[in-house]
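See below for input_33.json, which holds JSON, C-alpha atoms.
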[["chain", "number", "residue", "atom", "x", "y", "z"],
["A", 160, "MET", "CA", -20.65, 23.17, -6.27],
["A", 161, "LEU", "CA", -18.41, 26.14, -7.10],
["A", 162, "TYR", "CA", -14.87, 25.30, -8.15],
["A", 163, "LYS", "CA", -12.21, 27.99, -8.50],
["A", 164, "THR", "CA", -8.87, 26.18, -8.53],
["A", 165, "ILE", "CA", -8.17, 22.92, -10.34],
["A", 166, "LEU", "CA", -5.18, 20.59, -10.12],
["A", 167, "LEU", "CA", -4.03, 18.87, -13.30],
["A", 168, "TYR", "CA", -2.56, 15.54, -12.18],
["A", 169, "PRO", "CA", -0.86, 13.71, -15.09],
["A", 170, "ASN", "CA", 0.42, 10.14, -15.19],
["A", 171, "GLN", "CA", 3.82, 10.10, -13.49],
["A", 172, "SER", "CA", 5.23, 7.01, -15.26],
["A", 173, "ARG", "CA", 3.93, 7.40, -18.81],
["A", 174, "PRO", "CA", 4.27, 11.03, -19.92],
["A", 175, "VAL", "CA", 1.14, 12.73, -21.24],
["A", 176, "ASP", "CA", 1.55, 14.36, -24.65],
["A", 177, "GLN", "CA", 2.16, 18.10, -24.30],
["A", 178, "GLY", "CA", -0.44, 18.89, -26.95],
["A", 179, "ASP", "CA", -3.14, 16.90, -25.14],
["A", 180, "PHE", "CA", -2.19, 18.52, -21.82],
["A", 181, "ASN", "CA", -2.44, 21.95, -23.41],
["A", 182, "LYS", "CA", -5.85, 21.08, -24.90],
["A", 183, "VAL", "CA", -7.27, 20.31, -21.47],
["A", 184, "ALA", "CA", -5.52, 23.23, -19.79],
["A", 185, "THR", "CA", -6.67, 25.77, -22.39],
["A", 186, "LEU", "CA", -10.26, 24.61, -22.11],
["A", 187, "LEU", "CA", -10.23, 25.02, -18.32],
["A", 188, "GLN", "CA", -8.48, 28.39, -18.49],
["A", 189, "ASP", "CA", -11.07, 29.65, -20.96],
["A", 190, "MET", "CA", -13.71, 28.66, -18.42],
["A", 191, "GLY", "CA", -12.05, 30.91, -15.85],
["A", 192, "TYR", "CA", -10.38, 28.35, -13.59],
["A", 193, "THR", "CA", -7.04, 28.89, -11.90],
["A", 194, "LEU", "CA", -4.82, 25.91, -12.70],
["A", 195, "PHE", "CA", -2.06, 24.11, -10.84],
["A", 196, "THR", "CA", -0.06, 21.05, -11.79],
["A", 197, "SER", "CA", 1.80, 18.46, -9.74],
["A", 198, "ASP", "CA", 4.26, 17.86, -12.63],
["A", 199, "SER", "CA", 6.83, 20.62, -12.90],
["A", 200, "SER", "CA", 7.51, 19.80, -16.57],
["A", 201, "PHE", "CA", 4.05, 21.16, -17.44],
["A", 202, "ALA", "CA", 4.30, 24.32, -15.32],
["A", 203, "THR", "CA", 4.06, 27.70, -17.05],
["A", 204, "ASP", "CA", 3.49, 31.30, -16.01],
["A", 205, "GLU", "CA", -0.25, 30.55, -16.06],
["A", 206, "ILE", "CA", -0.12, 27.04, -14.60],
["A", 207, "ARG", "CA", 1.70, 27.05, -11.30],
["A", 208, "TYR", "CA", 3.57, 23.99, -10.02],
["A", 209, "LEU", "CA", 2.73, 22.71, -6.55],
["A", 210, "PRO", "CA", 4.24, 19.65, -4.84],
["A", 211, "THR", "CA", 1.73, 16.80, -4.86],
["A", 212, "HIS", "CA", 0.56, 16.85, -1.22],
["A", 213, "ALA", "CA", 0.33, 20.65, -1.15],
["A", 214, "ALA", "CA", -1.65, 20.59, -4.38],
["A", 215, "TYR", "CA", -4.19, 18.11, -3.05],
["A", 216, "SER", "CA", -4.88, 20.23, -0.01],
["A", 217, "GLY", "CA", -4.92, 23.55, -1.87],
["A", 218, "CYS", "CA", -7.27, 22.98, -4.83],
["A", 219, "ASP", "CA", -11.02, 22.50, -5.24],
["A", 220, "ALA", "CA", -10.98, 19.62, -7.74],
["A", 221, "VAL", "CA", -8.54, 17.36, -9.58],
["A", 222, "VAL", "CA", -8.52, 16.53, -13.28],
["A", 223, "VAL", "CA", -6.58, 13.28, -13.62],
["A", 224, "LEU", "CA", -4.78, 12.75, -16.93],
["A", 225, "GLY", "CA", -3.99, 9.05, -17.24],
["A", 226, "GLY", "CA", -5.49, 5.59, -16.93],
["A", 227, "ASP", "CA", -6.74, 3.44, -14.09],
["A", 228, "GLY", "CA", -3.37, 3.34, -12.32],
["A", 229, "THR", "CA", -3.23, 7.13, -12.24],
["A", 230, "MET", "CA", -6.78, 7.26, -10.89],
["A", 231, "LEU", "CA", -5.84, 4.85, -8.09],
["A", 232, "ALA", "CA", -2.83, 7.00, -7.18],
["A", 233, "ALA", "CA", -4.99, 10.13, -7.21],
["A", 234, "ALA", "CA", -7.60, 8.43, -5.02],
["A", 235, "ARG", "CA", -5.00, 7.65, -2.34],
["A", 236, "LEU", "CA", -3.84, 11.25, -2.32],
["A", 237, "ALA", "CA", -7.34, 12.75, -2.29],
["A", 238, "ARG", "CA", -8.89, 10.57, 0.40],
["A", 239, "LYS", "CA", -7.91, 12.75, 3.39],
["A", 240, "THR", "CA", -8.84, 16.08, 1.80],
["A", 241, "GLY", "CA", -12.13, 14.99, 0.23],
["A", 242, "ILE", "CA", -11.20, 16.76, -3.00],
["A", 243, "PRO", "CA", -13.27, 15.34, -5.92],
["A", 244, "LEU", "CA", -11.65, 13.71, -8.96],
["A", 245, "VAL", "CA", -12.53, 13.44, -12.62],
["A", 246, "GLY", "CA", -10.39, 11.35, -14.96],
["A", 247, "ILE", "CA", -9.54, 11.78, -18.64],
["A", 248, "ASN", "CA", -8.31, 8.52, -20.13],
["A", 249, "PHE", "CA", -4.76, 8.48, -21.47],
["A", 250, "GLY", "CA", -4.26, 4.81, -20.61],
["A", 251, "THR", "CA", -5.27, 1.49, -22.18],
["A", 252, "LEU", "CA", -8.60, 0.61, -20.57],
["A", 253, "GLY", "CA", -9.41, 3.68, -18.52],
["A", 254, "TYR", "CA", -12.35, 2.00, -16.84],
["A", 255, "MET", "CA", -12.27, 4.35, -13.86],
["A", 256, "THR", "CA", -11.91, 7.53, -15.89],
["A", 257, "GLU", "CA", -15.01, 9.55, -16.75],
["A", 258, "LEU", "CA", -13.90, 10.96, -20.12],
["A", 259, "GLU", "CA", -11.85, 10.16, -23.20],
["A", 260, "ILE", "CA", -9.63, 12.92, -24.59],
["A", 261, "SER", "CA", -12.18, 13.44, -27.38],
["A", 262, "GLU", "CA", -14.79, 14.22, -24.69],
["A", 263, "CYS", "CA", -12.84, 16.78, -22.68],
["A", 264, "HIS", "CA", -15.26, 19.50, -23.86],
["A", 265, "LEU", "CA", -17.69, 17.98, -21.33],
["A", 266, "LEU", "CA", -15.60, 19.61, -18.61],
["A", 267, "ALA", "CA", -17.78, 22.64, -19.37],
["A", 268, "GLY", "CA", -20.38, 20.97, -17.15],
["A", 269, "LEU", "CA", -18.06, 20.74, -14.14],
["A", 270, "GLU", "CA", -20.14, 23.04, -11.93],
["A", 271, "LYS", "CA", -23.24, 20.88, -12.42],
["A", 272, "ALA", "CA", -21.46, 17.54, -12.11],
["A", 273, "GLY", "CA", -22.78, 14.95, -9.73],
["A", 274, "ILE", "CA", -20.55, 13.43, -7.06],
["A", 275, "GLU", "CA", -20.32, 9.68, -6.47],
["A", 276, "GLU", "CA", -18.66, 8.46, -3.28],
["A", 277, "ARG", "CA", -16.66, 5.24, -3.38],
["A", 278, "MET", "CA", -15.74, 2.97, -0.48],
["A", 279, "LEU", "CA", -12.08, 2.47, 0.46],
["A", 280, "LEU", "CA", -10.45, -0.35, 2.41],
["A", 281, "ASP", "CA", -7.68, -0.31, 5.00],
["A", 282, "ALA", "CA", -5.39, -3.35, 4.81],
["A", 283, "SER", "CA", -2.89, -4.25, 7.53],
["A", 284, "VAL", "CA", -0.24, -6.96, 7.38],
["A", 285, "GLU", "CA", 1.95, -8.43, 10.07],
["A", 286, "GLY", "CA", 4.41, -11.31, 9.83],
["A", 287, "GLU", "CA", 7.26, -13.05, 11.58],
["A", 288, "ASP", "CA", 9.79, -10.63, 10.05],
["A", 289, "VAL", "CA", 7.39, -7.81, 9.09],
["A", 290, "PRO", "CA", 6.08, -5.37, 11.71],
["A", 291, "LEU", "CA", 2.49, -4.16, 11.48],
["A", 292, "GLN", "CA", 1.99, -2.00, 8.38],
["A", 293, "THR", "CA", -1.16, -0.51, 6.84],
["A", 294, "MET", "CA", -2.19, 0.73, 3.39],
["A", 295, "THR", "CA", -5.43, 2.16, 2.04],
["A", 296, "GLY", "CA", -6.83, 1.13, -1.34],
["A", 297, "LEU", "CA", -9.75, 1.79, -3.65],
["A", 298, "ASN", "CA", -9.73, -1.52, -5.55],
["A", 299, "GLU", "CA", -8.46, -4.47, -3.54],
["A", 300, "ALA", "CA", -6.05, -6.19, -1.22],
["A", 301, "ALA", "CA", -4.61, -9.36, -2.77],
["A", 302, "ALA", "CA", -2.59, -12.03, -0.98],
["A", 303, "CYS", "CA", -0.66, -14.18, -3.46],
["A", 304, "ARG", "CA", 2.08, -16.81, -3.41],
["A", 305, "ALA", "CA", 5.52, -15.24, -3.62],
["A", 306, "THR", "CA", 7.17, -18.11, -5.52],
["A", 307, "PRO", "CA", 5.82, -19.60, -8.78],
["A", 308, "GLY", "CA", 5.07, -23.30, -8.55],
["A", 309, "THR", "CA", 4.31, -23.24, -4.83],
["A", 310, "LEU", "CA", 1.10, -23.04, -2.82],
["A", 311, "ILE", "CA", 0.20, -21.06, 0.26],
["A", 312, "ARG", "CA", -2.39, -21.96, 2.89],
["A", 313, "LEU", "CA", -5.07, -19.38, 3.63],
["A", 314, "ARG", "CA", -7.66, -19.29, 6.41],
["A", 315, "LEU", "CA", -10.35, -16.62, 6.21],
["A", 316, "PHE", "CA", -12.05, -15.26, 9.33],
["A", 317, "CYS", "CA", -14.95, -12.79, 9.50],
["A", 318, "ASP", "CA", -15.26, -10.96, 12.83],
["A", 319, "GLY", "CA", -13.23, -13.72, 14.45],
["A", 320, "ASN", "CA", -15.25, -16.63, 13.03],
["A", 321, "GLU", "CA", -13.59, -18.99, 10.58],
["A", 322, "VAL", "CA", -15.20, -18.97, 7.14],
["A", 323, "CYS", "CA", -13.00, -21.23, 5.00],
["A", 324, "SER", "CA", -9.53, -22.71, 4.62],
["A", 325, "TYR", "CA", -7.67, -23.88, 1.53],
["A", 326, "ARG", "CA", -4.32, -24.13, -0.22],
["A", 327, "GLY", "CA", -3.89, -22.26, -3.47],
["A", 328, "ASP", "CA", -2.40, -19.26, -5.24],
["A", 329, "GLY", "CA", -4.01, -16.65, -3.01],
["A", 330, "MET", "CA", -7.09, -14.58, -2.19],
["A", 331, "ILE", "CA", -8.53, -11.24, -3.30],
["A", 332, "ILE", "CA", -10.55, -8.96, -1.05],
["A", 333, "SER", "CA", -12.09, -6.22, -3.16],
["A", 334, "THR", "CA", -14.36, -3.22, -2.82],
["A", 335, "PRO", "CA", -17.29, -2.76, -5.23],
["A", 336, "THR", "CA", -15.07, -0.45, -7.29],
["A", 337, "GLY", "CA", -12.43, -3.18, -7.49],
["A", 338, "SER", "CA", -14.96, -5.92, -8.20],
["A", 339, "SER", "CA", -14.57, -5.24, -11.95],
["A", 340, "ALA", "CA", -10.75, -5.38, -11.76],
["A", 341, "TYR", "CA", -8.63, -8.30, -10.46],
["A", 342, "ASN", "CA", -11.69, -9.80, -8.79],
["A", 343, "LEU", "CA", -13.47, -10.06, -12.15],
["A", 344, "SER", "CA", -10.48, -11.86, -13.69],
["A", 345, "ALA", "CA", -10.60, -14.37, -10.82],
["A", 346, "GLY", "CA", -14.26, -15.17, -11.45],
["A", 347, "GLY", "CA", -15.71, -12.95, -8.74],
["A", 348, "PRO", "CA", -19.03, -11.10, -9.06],
["A", 349, "ILE", "CA", -19.39, -7.54, -10.30],
["A", 350, "ILE", "CA", -20.86, -5.32, -7.57],
["A", 351, "ASP", "CA", -22.50, -1.95, -8.21],
["A", 352, "PRO", "CA", -20.01, 0.63, -6.86],
["A", 353, "LYS", "CA", -22.85, 2.57, -5.24],
["A", 354, "LEU", "CA", -22.98, -0.24, -2.68],
["A", 355, "ASP", "CA", -20.59, -0.72, 0.22],
["A", 356, "ALA", "CA", -19.42, -4.33, 0.59],
["A", 357, "PHE", "CA", -16.42, -6.63, 0.52],
["A", 358, "CYS", "CA", -16.03, -9.37, -2.06],
["A", 359, "VAL", "CA", -13.66, -12.26, -1.31],
["A", 360, "SER", "CA", -12.53, -14.42, -4.23],
["A", 361, "PRO", "CA", -10.10, -17.38, -4.07],
["A", 362, "LEU", "CA", -7.20, -17.64, -6.50],
["A", 363, "ALA", "CA", -6.80, -21.17, -7.91],
["A", 364, "PRO", "CA", -7.87, -23.05, -4.75],
["A", 365, "HIS", "CA", -6.44, -26.58, -4.74],
["A", 366, "THR", "CA", -9.45, -28.45, -3.41],
["A", 367, "LEU", "CA", -12.25, -30.71, -4.64],
["A", 368, "ALA", "CA", -14.78, -28.71, -2.62],
["A", 369, "ALA", "CA", -16.03, -25.72, -4.63],
["A", 370, "MET", "CA", -14.65, -22.48, -3.25],
["A", 371, "ARG", "CA", -17.09, -19.74, -4.20],
["A", 372, "PRO", "CA", -16.57, -15.98, -4.11],
["A", 373, "MET", "CA", -18.39, -14.47, -1.14],
["A", 374, "VAL", "CA", -19.78, -11.02, -0.34],
["A", 375, "PHE", "CA", -19.51, -9.59, 3.18],
["A", 376, "SER", "CA", -20.94, -6.59, 5.01],
["A", 377, "PRO", "CA", -18.78, -3.46, 4.86],
["A", 378, "ASP", "CA", -18.83, -3.44, 8.67],
["A", 379, "SER", "CA", -17.04, -6.79, 8.78],
["A", 380, "GLU", "CA", -13.44, -7.23, 9.85],
["A", 381, "LEU", "CA", -11.85, -9.79, 7.55],
["A", 382, "GLN", "CA", -8.66, -11.50, 8.63],
["A", 383, "VAL", "CA", -6.60, -13.87, 6.50],
["A", 384, "GLU", "CA", -4.08, -16.18, 8.14],
["A", 385, "ILE", "CA", -1.37, -16.99, 5.60],
["A", 386, "GLU", "CA", 1.15, -19.82, 5.80],
["A", 387, "GLY", "CA", 4.01, -19.81, 3.30],
["A", 388, "ASP", "CA", 5.96, -17.21, 1.38],
["A", 389, "ALA", "CA", 3.47, -14.61, 0.18],
["A", 390, "THR", "CA", 3.11, -11.13, -1.22],
["A", 391, "VAL", "CA", 0.29, -8.76, -0.34],
["A", 392, "ALA", "CA", -0.57, -5.92, -2.69],
["A", 393, "VAL", "CA", -3.05, -3.09, -2.19],
["A", 394, "ASP", "CA", -3.95, -1.55, -5.55],
["A", 395, "SER", "CA", -0.64, -2.96, -6.90],
["A", 396, "ASN", "CA", 1.41, -1.43, -4.06],
["A", 397, "LEU", "CA", 3.41, -4.19, -2.39],
["A", 398, "PHE", "CA", 4.05, -4.84, 1.27],
["A", 399, "PRO", "CA", 7.36, -6.57, 2.13],
["A", 400, "ILE", "CA", 7.54, -10.31, 1.39],
["A", 401, "LEU", "CA", 5.83, -12.34, 4.12],
["A", 402, "ARG", "CA", 7.38, -15.62, 5.25],
["A", 403, "GLY", "CA", 6.21, -18.36, 7.54],
["A", 404, "LYS", "CA", 2.90, -17.47, 9.21],
["A", 405, "SER", "CA", 1.48, -13.98, 8.69],
["A", 406, "HIS", "CA", -1.81, -12.11, 8.86],
["A", 407, "LEU", "CA", -3.73, -9.77, 6.58],
["A", 408, "THR", "CA", -6.58, -7.76, 8.11],
["A", 409, "VAL", "CA", -9.03, -5.72, 6.02],
["A", 410, "ARG", "CA", -11.58, -3.19, 7.26],
["A", 411, "GLN", "CA", -13.65, -0.46, 5.69],
["A", 412, "SER", "CA", -11.78, 2.84, 5.72],
["A", 413, "GLU", "CA", -13.27, 5.85, 7.41],
["A", 414, "ASP", "CA", -12.43, 7.83, 4.27],
["A", 415, "LYS", "CA", -14.25, 7.92, 0.93],
["A", 416, "VAL", "CA", -13.20, 8.93, -2.56],
["A", 417, "LYS", "CA", -15.37, 11.41, -4.47],
["A", 418, "LEU", "CA", -15.67, 11.02, -8.24],
["A", 419, "LEU", "CA", -17.22, 13.71, -10.43],
["A", 420, "LYS", "CA", -19.83, 12.45, -12.91],
["A", 421, "LEU", "CA", -20.19, 14.49, -16.08],
["A", 422, "LYS", "CA", -22.05, 12.00, -18.26],
["A", 423, "ASN", "CA", -25.41, 10.29, -17.95],
["A", 424, "ALA", "CA", -23.95, 6.87, -18.74],
["A", 425, "GLY", "CA", -24.74, 4.41, -15.99],
["A", 426, "PHE", "CA", -22.32, 1.96, -14.38],
["A", 427, "TYR", "CA", -23.39, -1.05, -16.45],
["A", 428, "GLU", "CA", -23.36, 0.89, -19.72],
["A", 429, "ALA", "CA", -19.76, 1.95, -19.06],
["A", 430, "LEU", "CA", -18.90, -1.60, -18.00],
["A", 431, "MET", "CA", -20.16, -3.10, -21.26],
["A", 432, "LYS", "CA", -18.43, -0.43, -23.34],
["A", 433, "LYS", "CA", -15.04, -0.89, -21.68],
["A", 434, "LEU", "CA", -14.95, -4.65, -21.16],
["A", 435, "THR", "CA", -16.45, -6.05, -24.38]]

Please, can you express the file's structure as structure tokens?
Amino acid sequence: MLYKTILLYPNQSRPVDQGDFNKVATLLQDMGYTLFTSDSSFATDEIRYLPTHAAYSGCDAVVVLGGDGTMLAAARLARKTGIPLVGINFGTLGYMTELEISECHLLAGLEKAGIEERMLLDASVEGEDVPLQTMTGLNEAAACRATPGTLIRLRLFCDGNEVCSYRGDGMIISTPTGSSAYNLSAGGPIIDPKLDAFCVSPLAPHTLAAMRPMVFSPDSELQVEIEGDATVAVDSNLFPILRGKSHLTVRQSEDKVKLLKLKNAGFYEALMKKLT
């Protein structure tokens, strides 16, 4: 694919070092790309500033400078435009990023990069005091108790049929991309991100019956009935506090996220390198 304009999207909460930013920018400029940035502090005569939403609709590709949180933010912004992303790790783990700063020379292969599409989920919540609201996420939707030391009751339904019920700390519904994030910490299975599926993992279920993580078809509609004070987060973005009885509904999004692949490393090779 031919790329002409590239957006440099740096971490908004933890500033990227100016020298590292310049290293990436200079490399791309030497390759003949026209550069934009969504952070005005990095704008120059050669790198034009564009407001975030305008930038995501006006460029051919995005180079994300940050960690996994920055990649998640970029994915939400890119989902409607279909603009592909490639991440350079400036964070701690950087599991979702393709490159480390020492590997940014691999951007020379941008035109020959492969594209991997990742499934997204749409999560909707509705409660006694909370009107229907929806968010889209790449990793997961997590329903958790709002108050430490308390339990909430959760009932899981798939396409209207009850699957399980328990009291505990909460429940995670993840995509394959998110299966190696919060879901992994909760004991859920790792799912190859080339697949489309939902993984549901309980959080500290208070029951003698073994509550196992379960994998569902991506065409399923999953609904969680929640009783008690709870929080629901989609990729760490919080809905308002839910009280009393509330509902979380998760479906596969119509949108996908496109990630540029510049290295030959497979999913499991990257997994072992980052998480061991």

Show me, as JSON, the centre and edge lengths in Å to one decimal of the axis-aligned box that covers every listed atom of region 280-286 of chain A with 3 Å on each side.
{"center_x": -3.0, "center_y": -5.8, "center_z": 6.2, "size_x": 20.9, "size_y": 17.0, "size_z": 13.7}

**Prompt:** Neighbours of Leu187 (chain A) within 12 Å (only C-alpha atoms; same-chain residues fewer than 5 positions away dropped), as a ChimeraX atom specification?
**Reply:** /A:162-167,180-182,192-195,205-206,220-222,263-270

In terms of all atoms listed in the file, the residue from A:Asp227, A:Ile385, A:Ile311, A:Glu287 at minimal distance from Ser339 (chain A) is A:Asp227

Per residue of region 176-257 of chain A within 12 Å of region 387-411 of chain A, record the nearest atom pair and its distance in Å to one decimal, counting all atoms listed in the file, with rows in chain order and ascending residue number, as a Markdown table.
| residue | atom | partner | partner_atom | distance |
| --- | --- | --- | --- | --- |
| A:Asp227 | CA | A:Asp394 | CA | 10.3 |
| A:Gly228 | CA | A:Asp394 | CA | 8.4 |
| A:Thr229 | CA | A:Asp394 | CA | 11.0 |
| A:Met230 | CA | A:Asp394 | CA | 10.7 |
| A:Leu231 | CA | A:Asp394 | CA | 7.1 |
| A:Ala232 | CA | A:Asp394 | CA | 8.8 |
| A:Ala233 | CA | A:Asp394 | CA | 11.8 |
| A:Ala234 | CA | A:Asp394 | CA | 10.6 |
| A:Arg235 | CA | A:Asp394 | CA | 9.8 |

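Counting all atoms listed in the file, the residue from A:Tyr325, A:Tyr168, A:Phe316, A:Tyr427 that sits nearest to Ile350 (chain A) is A:Tyr427.
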
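When only C-alpha atoms are used to compute distances to Thr240 (chain A), the closest of the residues A:Arg326, A:Lys417, A:Lys271, A:Lys433 turns out to be A:Lys417.
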
If you count only C-alpha atoms, which residues fall within 7 Å of Gly329 (chain A), apart from same-chain ones fewer than 3 positions away, as a tab-separated table (two decimals) with C-alpha atoms, keeping the file's coordinate frame?
chain	number	residue	atom	x	y	z
A	302	ALA	CA	-2.59	-12.03	-0.98
A	303	CYS	CA	-0.66	-14.18	-3.46
A	304	ARG	CA	2.08	-16.81	-3.41
A	311	ILE	CA	0.20	-21.06	0.26
A	361	PRO	CA	-10.10	-17.38	-4.07
A	362	LEU	CA	-7.20	-17.64	-6.50

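The spacing separating CA of Leu252 (chain A) from CA of Ala214 (chain A) amounts to 26.6 Å.
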
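Closest to Val175 (chain A) among A:Gly191, A:Gly347, A:Gly250, A:Pro210 is A:Gly250, based on only C-alpha atoms.
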
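Taking CA of Leu421 (chain A) and CA of Thr334 (chain A) as endpoints, the distance between them is 22.9 Å.
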
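Rounded to one decimal, CA of Leu315 (chain A) and CA of Glu384 (chain A) lie 6.6 Å from each other.
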
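With all atoms listed in the file as the atoms that count, the minimum distance from Glu380 (chain A) to the choices A:Ile274, A:Leu419, A:Ala282, A:Ala237 is reached by A:Ala282.
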
What's around Glu275 (chain A) at 10 Å? Count only C-alpha atoms, leave out sequence neighbours fewer than 5 positions away in its own chain, and write the answer as a PDB file with C-alpha atoms, keeping the file's coordinate frame.
ATOM      1  CA  PRO A 243     -13.270  15.340  -5.920  1.00  0.00           C
ATOM      2  CA  LEU A 244     -11.650  13.710  -8.960  1.00  0.00           C
ATOM      3  CA  PRO A 352     -20.010   0.630  -6.860  1.00  0.00           C
ATOM      4  CA  LYS A 353     -22.850   2.570  -5.240  1.00  0.00           C
ATOM      5  CA  LYS A 415     -14.250   7.920   0.930  1.00  0.00           C
ATOM      6  CA  VAL A 416     -13.200   8.930  -2.560  1.00  0.00           C
ATOM      7  CA  LYS A 417     -15.370  11.410  -4.470  1.00  0.00           C
ATOM      8  CA  LEU A 418     -15.670  11.020  -8.240  1.00  0.00           C
ATOM      9  CA  LEU A 419     -17.220  13.710 -10.430  1.00  0.00           C
ATOM     10  CA  LYS A 420     -19.830  12.450 -12.910  1.00  0.00           C
TER      11      LYS A 420
END

Next item on the list: Show me as a PyMOL selection string the residues that reach within 9 Å of (-22.6, 2.0, 4.3), counting only C-alpha atoms and using the file's own coordinates.
Entry: chain A and resi 278+354-356+376-378

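Nearest residue to Ser324 (chain A), choosing from A:Asn423, A:Thr251, A:Gln382, A:Thr185 and counting all atoms listed in the file: A:Gln382.
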
Exercise for review: Extract, using all atoms listed in the file, all DNA, RNA and protein residues at most 7 Å from Thr295 (chain A), discarding same-chain residues fewer than 2 positions from it, and format them as a list of chain:residue names.
Suggested key: A:Leu279, A:Leu280, A:Asp281, A:Ala282, A:Thr293

- Task: Give me the residues within 9 Å of Val374 (chain A) as a list in words, counting only C-alpha atoms and dropping any in the same chain fewer than 2 places off.
- Result: Pro348, Ala356, Phe357, Cys358, Val359, Ser360, Pro372 and Ser376 of chain A
